[in-house]
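Asker: Hey, dropping work.cif in here, mmCIF, C-alpha atoms:
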data_protein
#
loop_
_atom_site.label_atom_id
_atom_site.label_comp_id
_atom_site.auth_asym_id
_atom_site.auth_seq_id
_atom_site.Cartn_x
_atom_site.Cartn_y
_atom_site.Cartn_z
CA MET A 19 32.11 32.06 18.02
CA SER A 20 31.33 34.43 20.85
CA PRO A 21 29.43 33.22 23.93
CA ALA A 22 26.34 35.09 22.74
CA GLN A 23 26.49 33.37 19.35
CA LEU A 24 26.95 29.97 20.99
CA SER A 25 24.00 30.61 23.27
CA LEU A 26 21.85 31.61 20.28
CA ALA A 27 22.94 28.51 18.34
CA ASN A 28 22.13 26.27 21.30
CA GLU A 29 18.71 27.85 21.67
CA ILE A 30 17.98 27.36 17.96
CA ARG A 31 19.14 23.74 18.17
CA LEU A 32 17.00 23.13 21.25
CA ALA A 33 13.97 24.74 19.62
CA ALA A 34 14.44 22.64 16.48
CA HIS A 35 14.74 19.49 18.60
CA ARG A 36 11.56 20.32 20.51
CA ALA A 37 9.72 21.08 17.27
CA PHE A 38 10.85 17.75 15.83
CA ARG A 39 9.82 15.85 18.96
CA SER A 40 6.39 17.50 18.90
CA PHE A 41 5.81 15.65 15.61
CA VAL A 42 7.96 12.56 16.17
CA PRO A 43 7.99 11.77 19.92
CA PRO A 44 10.19 9.01 21.38
CA GLN A 45 8.74 5.51 21.18
CA ASP A 46 8.03 5.42 24.93
CA ASP A 47 5.97 8.63 24.75
CA ARG A 48 3.69 7.52 21.93
CA ILE A 49 0.01 6.91 22.57
CA PRO A 50 -1.37 3.39 22.03
CA ILE A 51 -4.21 3.21 19.53
CA THR A 52 -7.46 2.12 21.18
CA TRP A 53 -11.10 2.63 20.31
CA TRP A 54 -10.96 5.86 22.35
CA THR A 55 -7.84 7.26 20.67
CA LEU A 56 -8.66 6.02 17.15
CA PRO A 57 -10.57 9.21 16.14
CA SER A 58 -7.54 11.33 17.05
CA ALA A 59 -5.17 8.93 15.26
CA VAL A 60 -7.06 9.32 11.95
CA ALA A 61 -7.92 13.02 12.30
CA TYR A 62 -5.46 13.83 9.49
CA CYS A 63 -8.03 12.49 7.01
CA LEU A 64 -10.30 15.52 7.57
CA PRO A 65 -8.10 18.25 5.99
CA CYS A 66 -7.24 15.91 3.12
CA LEU A 67 -10.94 15.21 2.54
CA PHE A 68 -11.67 18.95 2.59
CA MET A 69 -8.92 19.51 0.02
CA ALA A 70 -10.46 16.76 -2.12
CA TYR A 71 -13.75 18.67 -2.00
CA LEU A 72 -12.03 21.95 -2.92
CA VAL A 73 -10.07 20.45 -5.82
CA ARG A 74 -13.44 19.67 -7.42
CA ARG A 75 -14.48 23.34 -7.17
CA ARG A 76 -13.15 26.19 -9.24
CA ASP A 77 -11.32 29.24 -7.87
CA THR A 78 -10.03 27.38 -4.78
CA HIS A 79 -6.33 27.15 -5.63
CA LEU A 80 -5.15 29.66 -3.01
CA LEU A 81 -7.22 28.04 -0.27
CA ARG A 82 -5.80 24.63 -1.10
CA LEU A 83 -2.24 25.97 -0.96
CA LEU A 84 -2.94 27.46 2.46
CA LEU A 85 -4.37 24.15 3.72
CA LEU A 86 -1.40 22.07 2.52
CA PRO A 87 0.90 22.67 5.56
CA THR A 88 -1.91 21.74 7.94
CA ALA A 89 -2.69 18.54 6.04
CA VAL A 90 0.96 17.46 5.91
CA ALA A 91 1.67 18.36 9.54
CA MET A 92 -1.37 16.49 10.82
CA ALA A 93 -0.51 13.39 8.77
CA VAL A 94 3.07 13.30 10.10
CA ARG A 95 2.01 13.96 13.69
CA CYS A 96 -0.73 11.33 13.71
CA ALA A 97 1.51 8.74 12.03
CA PHE A 98 4.22 9.03 14.70
CA ARG A 99 2.33 10.15 17.81
CA TYR A 100 0.09 7.08 17.93
CA THR A 101 1.26 3.48 17.84
CA LEU A 102 -0.17 0.01 17.63
CA GLU A 103 0.77 -2.49 20.33
CA GLY A 104 0.65 -6.25 20.61
CA PRO A 105 0.34 -8.64 17.66
CA ALA A 106 -1.41 -5.96 15.58
CA ALA A 107 1.78 -3.85 15.56
CA HIS A 108 3.52 -6.05 13.00
CA SER A 109 0.37 -7.24 11.25
CA TYR A 110 -1.24 -3.89 10.53
CA GLY A 111 1.45 -1.37 11.44
CA CYS A 112 2.19 -0.78 7.75
CA LEU A 113 -1.23 0.85 7.34
CA GLN A 114 -0.35 3.35 10.05
CA VAL A 115 2.36 4.76 7.76
CA PHE A 116 1.07 3.81 4.33
CA VAL A 117 -2.23 5.69 4.68
CA PRO A 118 -0.64 8.95 5.94
CA LEU A 119 1.89 8.74 3.08
CA ILE A 120 -0.96 8.48 0.59
CA SER A 121 -2.73 11.34 2.37
CA ILE A 122 0.35 13.56 2.04
CA ALA A 123 0.80 12.68 -1.63
CA LYS A 124 -2.85 13.42 -2.40
CA ALA A 125 -2.74 16.69 -0.45
CA VAL A 126 0.32 17.85 -2.41
CA ASP A 127 -1.36 16.90 -5.68
CA PHE A 128 -4.57 18.72 -4.74
CA ALA A 129 -2.67 21.83 -3.63
CA PHE A 130 -0.68 22.24 -6.84
CA ALA A 131 -3.47 21.35 -9.29
CA LYS A 132 -4.08 24.99 -10.18
CA ASP A 133 -7.34 24.53 -12.06
CA GLY A 134 -8.57 21.59 -9.98
CA ARG A 135 -9.09 17.99 -10.98
CA PHE A 136 -11.39 17.11 -13.86
CA LYS A 137 -13.05 13.90 -14.83
CA LEU A 138 -12.46 12.95 -18.44
CA GLY A 139 -14.97 14.88 -20.54
CA GLU A 140 -15.54 17.67 -18.02
CA LYS A 141 -14.95 21.21 -19.23
CA ARG A 142 -15.75 23.29 -16.16
CA LEU A 143 -15.90 22.73 -12.42
CA ARG A 144 -18.72 23.97 -10.24
CA ALA A 145 -18.19 26.80 -7.78
CA VAL A 146 -18.37 26.32 -4.02
CA GLY A 147 -22.03 26.10 -3.07
CA GLU A 148 -23.21 25.62 -6.64
CA PRO A 149 -25.77 22.80 -6.81
CA ALA A 150 -25.03 19.73 -8.87
CA PRO A 151 -26.79 19.40 -12.25
CA PRO A 152 -29.77 17.02 -12.29
CA PRO A 153 -28.93 13.42 -13.27
CA SER A 154 -30.88 13.84 -16.50
CA ALA A 155 -28.68 16.69 -17.71
CA LYS A 156 -27.31 16.14 -21.18
CA GLU A 157 -23.68 16.43 -22.14
CA GLY A 158 -22.74 19.83 -23.40
CA SER A 159 -25.43 21.55 -21.38
CA ALA A 160 -25.44 25.28 -20.75
CA SER A 161 -23.56 24.80 -17.48
CA GLY A 162 -20.56 23.52 -19.44
CA THR A 163 -20.24 20.57 -17.08
CA GLU A 164 -20.66 16.99 -18.26
CA PRO A 165 -21.75 15.02 -15.19
CA VAL A 166 -21.15 11.35 -14.74
CA PRO A 167 -24.52 9.70 -14.02
CA GLY A 168 -25.04 8.04 -10.66
CA HIS A 169 -22.86 7.97 -7.58
CA ALA A 170 -19.24 6.89 -7.81
CA ILE A 171 -18.94 5.62 -4.22
CA ALA A 172 -22.38 4.99 -2.68
CA PRO A 173 -25.89 6.28 -3.47
CA PHE A 174 -26.69 7.19 0.14
CA LEU A 175 -23.86 9.76 0.40
CA PRO A 176 -24.38 13.47 -0.33
CA ALA A 177 -23.27 14.42 -3.83
CA TRP A 178 -20.41 16.64 -2.61
CA LEU A 179 -19.03 13.92 -0.29
CA ASP A 180 -19.34 11.24 -2.95
CA ASP A 181 -17.46 13.44 -5.42
CA ALA A 182 -14.72 14.26 -2.89
CA LEU A 183 -14.25 10.60 -1.95
CA ASP A 184 -14.15 9.67 -5.63
CA VAL A 185 -11.11 11.87 -6.36
CA LEU A 186 -9.51 11.09 -2.98
CA LEU A 187 -9.69 7.30 -3.36
CA SER A 188 -8.66 7.27 -7.03
CA LEU A 189 -4.98 6.34 -6.79
CA ARG A 190 -4.26 5.43 -10.42
CA GLY A 191 -6.42 8.19 -11.88
CA ILE A 192 -8.63 6.03 -14.08
CA GLY A 193 -11.29 8.32 -15.54
CA TRP A 194 -9.49 11.49 -14.36
CA ASP A 195 -7.26 14.02 -16.05
CA PHE A 196 -4.22 12.98 -14.00
CA GLY A 197 -4.60 9.41 -15.27
CA GLU A 198 -5.09 10.22 -18.94
CA GLY A 199 -3.13 7.83 -21.14
CA LEU A 200 -2.75 5.31 -18.28
CA HIS A 201 -2.53 1.66 -19.29
CA VAL A 202 -5.62 -0.17 -18.04
CA PRO A 203 -5.64 -3.99 -18.36
CA GLN A 204 -8.61 -5.48 -20.14
CA SER A 205 -11.22 -6.77 -17.72
CA THR A 206 -11.62 -10.53 -17.48
CA ARG A 207 -14.76 -10.39 -15.36
CA PRO A 208 -18.31 -10.75 -16.74
CA GLN A 209 -19.96 -7.44 -17.63
CA ALA A 210 -23.38 -8.13 -16.09
CA ARG A 211 -23.76 -7.17 -12.44
CA GLY A 212 -24.86 -10.58 -11.10
CA PRO A 213 -22.09 -12.63 -12.76
CA PHE A 214 -19.58 -9.93 -11.84
CA LEU A 215 -20.52 -10.20 -8.16
CA ARG A 216 -20.24 -14.00 -8.24
CA ALA A 217 -16.85 -13.89 -10.02
CA THR A 218 -15.56 -11.30 -7.55
CA ALA A 219 -16.77 -13.37 -4.59
CA ARG A 220 -14.97 -16.44 -5.99
CA SER A 221 -11.79 -14.40 -6.44
CA LEU A 222 -12.10 -13.09 -2.88
CA LEU A 223 -12.38 -16.64 -1.53
CA GLN A 224 -9.48 -17.88 -3.64
CA GLN A 225 -7.23 -15.05 -2.49
CA CYS A 226 -8.15 -15.71 1.14
CA LEU A 227 -7.15 -19.36 0.78
CA LEU A 228 -3.94 -18.49 -1.09
CA PHE A 229 -2.98 -15.90 1.54
CA ASP A 230 -3.61 -18.44 4.30
CA ALA A 231 -1.53 -21.07 2.48
CA CYS A 232 1.42 -18.68 2.02
CA ASP A 233 1.20 -17.54 5.64
CA THR A 234 1.17 -21.16 6.86
CA LEU A 235 4.26 -22.04 4.81
CA VAL A 236 6.14 -18.96 6.05
CA LYS A 237 5.29 -19.77 9.67
CA ALA A 238 6.75 -23.28 9.20
CA VAL A 239 10.28 -21.85 8.83
CA PRO A 240 12.07 -21.38 12.16
CA GLY A 241 13.42 -17.92 12.80
CA ALA A 242 11.92 -16.02 9.88
CA GLY A 243 8.44 -17.35 10.63
CA ALA A 244 8.61 -16.66 14.36
CA ARG A 245 7.19 -13.57 16.04
CA ALA A 246 10.58 -12.87 17.59
CA GLY A 247 12.01 -12.62 14.09
CA GLY A 248 14.91 -14.19 12.27
CA SER A 249 16.78 -14.02 9.00
CA ILE A 250 15.50 -15.71 5.84
CA PHE A 251 19.10 -16.83 5.23
CA LEU A 252 19.65 -19.87 7.45
CA ALA A 253 23.39 -20.03 7.98
CA ALA A 254 23.14 -23.70 9.05
CA LEU A 255 22.20 -24.75 5.51
CA PRO A 256 24.63 -25.18 2.62
CA PRO A 257 24.72 -22.23 0.17
CA LEU A 258 22.41 -23.70 -2.50
CA PRO A 259 19.59 -24.81 -0.14
CA ARG A 260 20.05 -21.60 1.88
CA TYR A 261 19.42 -19.30 -1.08
CA ALA A 262 16.73 -21.57 -2.46
CA LEU A 263 14.89 -21.25 0.87
CA SER A 264 15.40 -17.48 1.02
CA THR A 265 14.07 -17.10 -2.53
CA ALA A 266 11.06 -19.26 -1.66
CA LEU A 267 10.35 -17.13 1.44
CA HIS A 268 10.74 -13.96 -0.60
CA THR A 269 8.33 -15.31 -3.23
CA LEU A 270 5.82 -16.29 -0.54
CA GLY A 271 6.10 -12.82 0.99
CA GLY A 272 5.51 -11.25 -2.42
CA CYS A 273 2.48 -13.50 -2.98
CA MET A 274 1.08 -12.39 0.38
CA ILE A 275 1.49 -8.72 -0.59
CA ALA A 276 -0.18 -9.33 -3.96
CA CYS A 277 -2.99 -11.26 -2.25
CA ALA A 278 -3.48 -8.43 0.22
CA PHE A 279 -3.82 -5.91 -2.61
CA THR A 280 -6.23 -8.18 -4.48
CA LEU A 281 -8.27 -8.85 -1.34
CA ALA A 282 -8.63 -5.12 -0.75
CA HIS A 283 -9.61 -4.56 -4.37
CA ASP A 284 -12.10 -7.44 -4.48
CA GLY A 285 -13.63 -6.43 -1.15
CA ALA A 286 -14.04 -2.83 -2.27
CA ALA A 287 -15.43 -3.90 -5.67
CA LEU A 288 -17.86 -6.32 -4.05
CA SER A 289 -19.19 -3.83 -1.50
CA ALA A 290 -19.33 -0.94 -3.99
CA SER A 291 -21.15 -3.00 -6.61
CA ARG A 292 -23.71 -4.22 -4.09
CA SER A 293 -24.34 -0.76 -2.64
CA SER A 294 -24.29 1.38 -5.78
CA GLY A 295 -25.64 -1.07 -8.33
CA THR A 296 -22.70 -0.45 -10.69
CA ARG A 297 -19.89 -2.67 -11.91
CA PRO A 298 -16.45 -1.21 -11.16
CA ARG A 299 -13.69 -1.70 -13.66
CA ARG A 300 -11.09 -4.37 -13.02
CA THR A 301 -7.71 -2.67 -12.94
CA ARG A 302 -5.14 -4.93 -11.28
CA PRO A 303 -1.87 -4.07 -13.08
CA TRP A 304 -0.46 -7.59 -12.67
CA SER A 305 -3.51 -9.55 -13.83
CA THR A 306 -3.96 -9.26 -17.59
CA ALA A 307 -1.51 -6.56 -18.70
CA PRO A 308 1.05 -7.25 -21.44
CA ALA A 309 4.60 -7.92 -20.29
CA ALA A 310 5.91 -4.46 -21.12
CA PRO A 311 3.62 -2.35 -18.90
CA ARG A 312 3.83 -4.95 -16.15
CA VAL A 313 7.56 -4.41 -15.59
CA PRO A 314 7.37 -0.92 -14.00
CA ASP A 315 4.03 -1.68 -12.33
CA ALA A 316 5.48 -4.69 -10.49
CA ARG A 317 8.39 -2.63 -9.23
CA ARG A 318 6.11 0.22 -8.14
CA ALA A 319 4.07 -2.28 -6.11
CA GLY A 320 7.26 -3.58 -4.48
CA ALA A 321 8.46 -0.05 -3.78
CA ALA A 322 5.13 0.90 -2.23
CA ALA A 323 5.23 -2.15 0.02
CA ALA A 324 8.81 -1.41 1.07
CA GLY A 325 7.96 2.18 1.85
CA ALA A 326 4.90 1.17 3.82
CA ARG A 327 6.97 -1.20 5.99
CA GLY A 328 9.77 1.31 6.48
CA ARG A 329 8.79 2.57 9.93
CA ARG A 330 8.28 -0.84 11.52
CA SER A 331 11.43 -2.28 9.94
CA ALA A 332 13.78 0.69 10.30
CA ASP A 333 16.58 -0.89 8.30
CA ALA A 334 18.86 0.71 5.72
CA ARG A 335 18.23 -2.23 3.38
CA VAL A 336 14.54 -1.37 3.13
CA LEU A 337 15.35 2.27 2.42
CA LEU A 338 17.95 1.22 -0.15
CA PHE A 339 15.51 -1.04 -1.96
CA PHE A 340 12.94 1.74 -1.96
CA ALA A 341 15.44 4.36 -3.16
CA LEU A 342 16.72 2.17 -6.02
CA GLN A 343 13.31 1.93 -7.71
CA PRO A 344 13.51 5.38 -9.39
CA VAL A 345 16.92 4.33 -10.74
CA GLY A 346 15.36 1.32 -12.43
CA LEU A 347 12.51 3.41 -13.83
CA ALA A 348 15.01 5.97 -15.16
CA LEU A 349 16.96 3.18 -16.88
CA GLU A 350 13.74 1.88 -18.44
CA ARG A 351 12.86 5.35 -19.75
CA ALA A 352 16.38 5.69 -21.17
CA TRP A 353 16.02 2.31 -22.90
CA ARG A 354 12.69 3.39 -24.35
CA ARG A 355 14.21 6.59 -25.75
CA LEU A 356 17.19 4.76 -27.25
CA ALA A 357 15.44 1.62 -28.53
CA GLY A 358 12.06 3.20 -29.32
CA ARG A 359 10.14 0.52 -27.42
CA ARG A 360 9.38 -0.58 -23.87
CA VAL A 361 11.29 -3.19 -21.93
CA GLY A 362 9.32 -6.35 -22.59
CA GLY A 363 9.35 -10.01 -23.49
CA GLY A 364 11.77 -12.44 -21.89
CA ALA A 365 14.34 -9.73 -21.23
CA GLY A 366 11.66 -7.67 -19.50
CA TRP A 367 10.77 -10.52 -17.17
CA LEU A 368 14.45 -11.11 -16.33
CA TRP A 369 14.81 -7.38 -15.65
CA THR A 370 11.81 -7.50 -13.32
CA VAL A 371 13.12 -10.60 -11.53
CA LEU A 372 16.49 -8.88 -11.00
CA TRP A 373 14.90 -5.87 -9.30
CA VAL A 374 11.90 -7.36 -7.52
CA VAL A 375 13.27 -10.79 -6.57
CA GLY A 376 17.04 -10.30 -6.55
CA LEU A 377 17.20 -6.95 -4.76
CA GLY A 378 13.91 -7.51 -2.94
CA GLU A 379 15.37 -10.24 -0.72
CA MET A 380 17.30 -7.68 1.30
CA ALA A 381 14.06 -5.85 2.14
CA VAL A 382 12.24 -9.09 2.99
CA ASP A 383 15.14 -10.17 5.22
CA ALA A 384 14.92 -6.83 7.07
CA TRP A 385 11.20 -7.42 7.69
CA ALA A 386 11.78 -11.01 8.78
CA VAL A 387 14.52 -10.06 11.27
CA ARG A 388 12.05 -7.71 12.99
CA GLY A 389 9.29 -10.30 13.15
CA VAL A 390 7.07 -8.95 10.36
CA MET A 391 6.80 -12.31 8.56
CA GLY A 392 5.98 -14.02 11.84
CA ALA A 393 3.26 -11.53 12.74
CA LEU A 394 -0.30 -12.68 13.29
CA PHE A 395 -2.12 -12.28 9.97
CA VAL A 396 -4.49 -15.27 10.02
CA PRO A 397 -5.44 -16.60 13.48
CA GLU A 398 -5.00 -20.35 13.69
CA ALA A 399 -8.60 -20.77 14.84
CA VAL A 400 -9.91 -19.50 11.46
CA SER A 401 -7.12 -20.85 9.24
CA PRO A 402 -8.47 -23.49 6.81
CA MET A 403 -4.92 -24.56 6.00
CA ARG A 404 -3.93 -25.28 9.61
CA ARG A 405 -7.32 -26.41 10.93
CA VAL A 406 -8.58 -28.55 8.03
CA PHE A 407 -6.17 -29.17 5.16
CA LEU A 408 -2.93 -30.10 6.95
CA PRO A 409 -4.58 -32.38 9.55
CA ALA A 410 -6.49 -34.14 6.75
CA VAL A 411 -3.33 -34.64 4.67
CA ARG A 412 -1.33 -35.92 7.64
CA ARG A 413 -4.10 -38.37 8.49
CA PHE A 414 -3.85 -40.16 5.15
CA VAL A 415 -0.34 -39.33 3.92
CA SER A 416 2.97 -39.44 5.76
CA VAL A 417 4.26 -35.87 5.38
CA PRO A 418 7.73 -35.08 6.74
CA ASP A 419 7.84 -32.29 9.29
CA VAL A 420 10.07 -29.85 7.43
CA SER A 421 9.72 -27.26 10.19
CA ALA A 422 11.06 -29.68 12.81
CA TRP A 423 13.91 -30.71 10.50
CA LEU A 424 14.91 -27.08 9.84
CA GLY A 425 14.63 -26.36 13.56
CA GLY A 426 16.93 -29.30 14.31
CA VAL A 427 19.47 -28.11 11.74
CA VAL A 428 19.42 -24.59 13.16
CA GLY A 429 19.63 -25.91 16.74
CA ALA A 430 22.58 -28.14 15.88
CA GLN A 431 24.36 -25.24 14.23
CA LEU A 432 23.80 -23.00 17.27
CA ALA A 433 25.00 -25.77 19.60
CA ALA A 434 28.14 -26.26 17.49
CA GLU A 435 28.84 -22.53 17.51
CA GLY A 436 28.38 -22.47 21.30
CA ALA A 437 30.79 -25.38 21.74
CA VAL A 438 33.40 -23.65 19.59
CA VAL A 439 33.03 -20.44 21.56
CA GLY A 440 33.24 -22.33 24.86
#
Kindly present the structure from the file in structure tokens form.
Answerer:
Amino acid sequence: MSPAQLSLANEIRLAAHRAFRSFVPPQDDRIPITWWTLPSAVAYCLPCLFMAYLVRRRDTHLLRLLLLPTAVAMAVRCAFRYTLEGPAAHSYGCLQVFVPLISIAKAVDFAFAKDGRFKLGEKRLRAVGEPAPPPSAKEGSASGTEPVPGHAIAPFLPAWLDDALDVLLSLRGIGWDFGEGLHVPQSTRPQARGPFLRATARSLLQQCLLFDACDTLVKAVPGAGARAGGSIFLAALPPLPRYALSTALHTLGGCMIACAFTLAHDGAALSASRSSGTRPRRTRPWSTAPAAPRVPDARRAGAAAAGARGRRSADARVLLFFALQPVGLALERAWRRLAGRRVGGGAGWLWTVLWVVGLGEMAVDAWAVRGVMGALFVPEAVSPMRRVFLPAVRRFVSVPDVSAWLGGVVGAQLAAEGAVVG
């Protein structure tokens, strides 16, 4: 190449590097998230919310396509330009990436939905600025629109904002055209509003206690349960106890993820039911679904969790676990085409265990090494397990200190390795 061509190539490379760093700055140049910087850190939600409004209006396809680059660029820039510091970095850092990822996915969906997004039963969307039909409008009215009575989110919100939030927050598409044919587990909650609220409150309390119990057990393991991080595979233990412990830690981590999802669902259902006077549908995919639909749903939940943790635990094992999920789904679809039925029954559960538990341990180990499992999720001051239950049990029953024993085993192993090296 001539000197002029080399100079041009260097300039292009430098410009590309500067453009990349304008969206993904070095870690030292990122802005800590505080109450003052929080509005800027979540500013990417505004274009996505505007696209959610437009996707519920007809003749807005071109405008949504034009807004897509702005929505994606803002989500990427806000996700990487701002950072959490301190104990919250490991505890809640996943949300800093998970929410922008969802925002990008929703923006892409809104942009390429040519005719907009319809609720099931709707035949025509309103135009921009067209007033909403009165709540008493009958189905099949002259407007051609079949409104859903009441507010979907909260009665105090304007109708346009409530409608935009409804399509934006609907991840599985229940009641929408993009979720038509979706498997919805049968609800196990009472149908009346009062009993539903009481059952949801009980579930919320149970999940809080279960999350605290799992977190306490994880913190009892030296290394993996420490904030400094450590592997779930304790080399000081013999092979069988070592992998038994790693599987137990992986299972506890999975329970914590499931509890977190259920806590978010129960909290949203409880607040929405109290504010809007309606009973939301119970749609946890792992609660009451048959075995066959639960197989891909469980893996999707694991893949979502792995992808959400990817930035904080920048490890190839997490990316590998995340990238292998479409392979498993493709194999399941191939089985369905060849056998004429879904993967289910005992073989389906073994298939799920192989992917979620067997391959999932490498992702959990990557998180543990970087201190994610030892992060502060439940402060000890408000932990019923550590403040009430364990002291009460130790007062009346002689419970061996497993954490101290494991710490002694690990310490002895490290000392032996140091002596050999010396």
Asker: The PyMOL selection byres ((chain A and resi 272) around 10) - which residues does that actually catch in the file I just gave you? List them as a list in words.
Answerer: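 Given this file, the PyMOL selection byres ((chain A and resi 272) around 10) evaluates to Cys232, Ala266, Leu267, His268, Thr269, Leu270, Gly271, Cys273, Met274, Ile275, Ala276, Cys277, Ala278, Ala319, Gly320, Ala323, Val374, Val375, Gly378 and Val382 of chain A.
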Asker: With distances taken over all atoms listed in the file, which of A:Pro176, A:Gly134, A:Gly199, A:Pro44 is nearest to Thr78 (chain A)?
Answerer: A:Gly134
Asker: From the options A:Phe128, A:Leu113, A:Ile49, A:Ile122, which residue's atoms come nearest to Tyr100 (chain A), counting only C-alpha atoms?
Answerer: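 Using only C-alpha atoms, the shortest distance to Tyr100 (chain A) belongs to A:Ile49.
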Asker: So that I can check the surroundings of Val117 (chain A), please list as a list in words every protein, DNA and RNA residue that reaches within 9 Å of it, counting all atoms listed in the file and ignoring chain neighbours fewer than 4 positions away.
Answerer: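 Counting only the stated atoms, we get Ala93, Ala97, Cys112, Leu113, Ser121, Ile122 and Ala326 of chain A.
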Asker: So how many Å separate CA of Val336 (chain A) and CA of Met380 (chain A), to one decimal?
Answerer: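 That distance, rounded to one decimal, is 7.1 Å.
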Asker: With only C-alpha atoms as the atoms that count, which of A:Phe116, A:Glu103, A:Leu377, A:Val42 lies nearest to Ala91 (chain A)?
Answerer: A:Val42
Asker: Neighbours of Ile51 (chain A) within 12 Å (all atoms listed in the file; same-chain residues fewer than 6 positions away dropped), as a list in words?
Answerer: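 Near Ile51 (chain A), the qualifying residues are Pro57, Ser58, Ala59, Val60, Cys96, Ala97, Phe98, Arg99, Tyr100, Thr101, Leu102, Glu103, Gly104, Ala106, Ala107, Tyr110, Gly111 and Gln114 of chain A.
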Asker: So what do you get for CA of Arg335 (chain A) versus CA of Asp383 (chain A), distance-wise?
Answerer: 8.7 Å
Asker: Rank nothing, just name the residue among A:Glu398, A:Glu379, A:Asp77, A:Glu29 nearest to Lys132 (chain A), using all atoms listed in the file.
Answerer: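 Going through A:Glu398, A:Glu379, A:Asp77, A:Glu29 one by one, the smallest distance to Lys132 (chain A) is for A:Asp77.
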Asker: Leaving out His79 (chain A) and any residue of its chain fewer than 4 positions from it, which residues lie within 8 Å of it when counting only C-alpha atoms, given as a ChimeraX atom specification?
Answerer: /A:73,83,129-134
Asker: Got a sec: who's within 12 Å of Leu186 (chain A), counting all atoms listed in the file, leaving out chain neighbours fewer than 6 positions off, as an MDAnalysis selection string?
Answerer: chainID A and resid 63:74 117 120:128 135 170:171 179:180 194
Asker: What is the CA of Leu119 (chain A) to CA of Val90 (chain A) distance in Å?
Answerer: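 Between these atoms lies a distance of 9.2 Å.
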Asker: Taking the file as shown, what set of residues would the PyMOL selection byres ((chain A and resi 244) around 10) give back, as a ChimeraX atom specification?
Answerer: /A:236-243,245-248,386-394
Asker: What would region 227-231 of chain A look like with all heavy atoms restored, written as a PDB file, in the coordinates of the input?
Answerer:
ATOM      1  N   LEU A 227      -7.773 -18.057   0.619  1.00  0.00           N
ATOM      2  CA  LEU A 227      -7.150 -19.360   0.780  1.00  0.00           C
ATOM      3  C   LEU A 227      -5.670 -19.311   0.406  1.00  0.00           C
ATOM      4  O   LEU A 227      -4.822 -19.918   1.079  1.00  0.00           O
ATOM      5  CB  LEU A 227      -7.876 -20.403  -0.066  1.00  0.00           C
ATOM      6  CG  LEU A 227      -9.334 -20.694   0.336  1.00  0.00           C
ATOM      7  CD1 LEU A 227      -9.971 -21.665  -0.649  1.00  0.00           C
ATOM      8  CD2 LEU A 227      -9.404 -21.246   1.751  1.00  0.00           C
ATOM      9  N   LEU A 228      -5.334 -18.583  -0.675  1.00  0.00           N
ATOM     10  CA  LEU A 228      -3.940 -18.490  -1.090  1.00  0.00           C
ATOM     11  C   LEU A 228      -3.118 -17.730  -0.052  1.00  0.00           C
ATOM     12  O   LEU A 228      -1.991 -18.118   0.273  1.00  0.00           O
ATOM     13  CB  LEU A 228      -3.858 -17.783  -2.449  1.00  0.00           C
ATOM     14  CG  LEU A 228      -2.454 -17.592  -3.033  1.00  0.00           C
ATOM     15  CD1 LEU A 228      -1.754 -18.940  -3.193  1.00  0.00           C
ATOM     16  CD2 LEU A 228      -2.522 -16.857  -4.374  1.00  0.00           C
ATOM     17  N   PHE A 229      -3.680 -16.653   0.497  1.00  0.00           N
ATOM     18  CA  PHE A 229      -2.980 -15.900   1.540  1.00  0.00           C
ATOM     19  C   PHE A 229      -2.737 -16.779   2.757  1.00  0.00           C
ATOM     20  O   PHE A 229      -1.645 -16.765   3.338  1.00  0.00           O
ATOM     21  CB  PHE A 229      -3.805 -14.669   1.914  1.00  0.00           C
ATOM     22  CG  PHE A 229      -3.117 -13.738   2.876  1.00  0.00           C
ATOM     23  CD1 PHE A 229      -2.358 -12.679   2.407  1.00  0.00           C
ATOM     24  CD2 PHE A 229      -3.220 -13.927   4.257  1.00  0.00           C
ATOM     25  CE1 PHE A 229      -1.711 -11.830   3.289  1.00  0.00           C
ATOM     26  CE2 PHE A 229      -2.579 -13.083   5.143  1.00  0.00           C
ATOM     27  CZ  PHE A 229      -1.815 -12.023   4.648  1.00  0.00           C
ATOM     28  N   ASP A 230      -3.746 -17.557   3.139  1.00  0.00           N
ATOM     29  CA  ASP A 230      -3.610 -18.440   4.300  1.00  0.00           C
ATOM     30  C   ASP A 230      -2.554 -19.510   4.042  1.00  0.00           C
ATOM     31  O   ASP A 230      -1.754 -19.834   4.929  1.00  0.00           O
ATOM     32  CB  ASP A 230      -4.960 -19.073   4.617  1.00  0.00           C
ATOM     33  CG  ASP A 230      -4.885 -20.012   5.805  1.00  0.00           C
ATOM     34  OD1 ASP A 230      -4.242 -19.645   6.817  1.00  0.00           O
ATOM     35  OD2 ASP A 230      -5.459 -21.110   5.733  1.00  0.00           O
ATOM     36  N   ALA A 231      -2.518 -20.044   2.805  1.00  0.00           N
ATOM     37  CA  ALA A 231      -1.530 -21.070   2.480  1.00  0.00           C
ATOM     38  C   ALA A 231      -0.109 -20.494   2.541  1.00  0.00           C
ATOM     39  O   ALA A 231       0.807 -21.118   3.108  1.00  0.00           O
ATOM     40  CB  ALA A 231      -1.807 -21.643   1.094  1.00  0.00           C
TER      41      ALA A 231
END
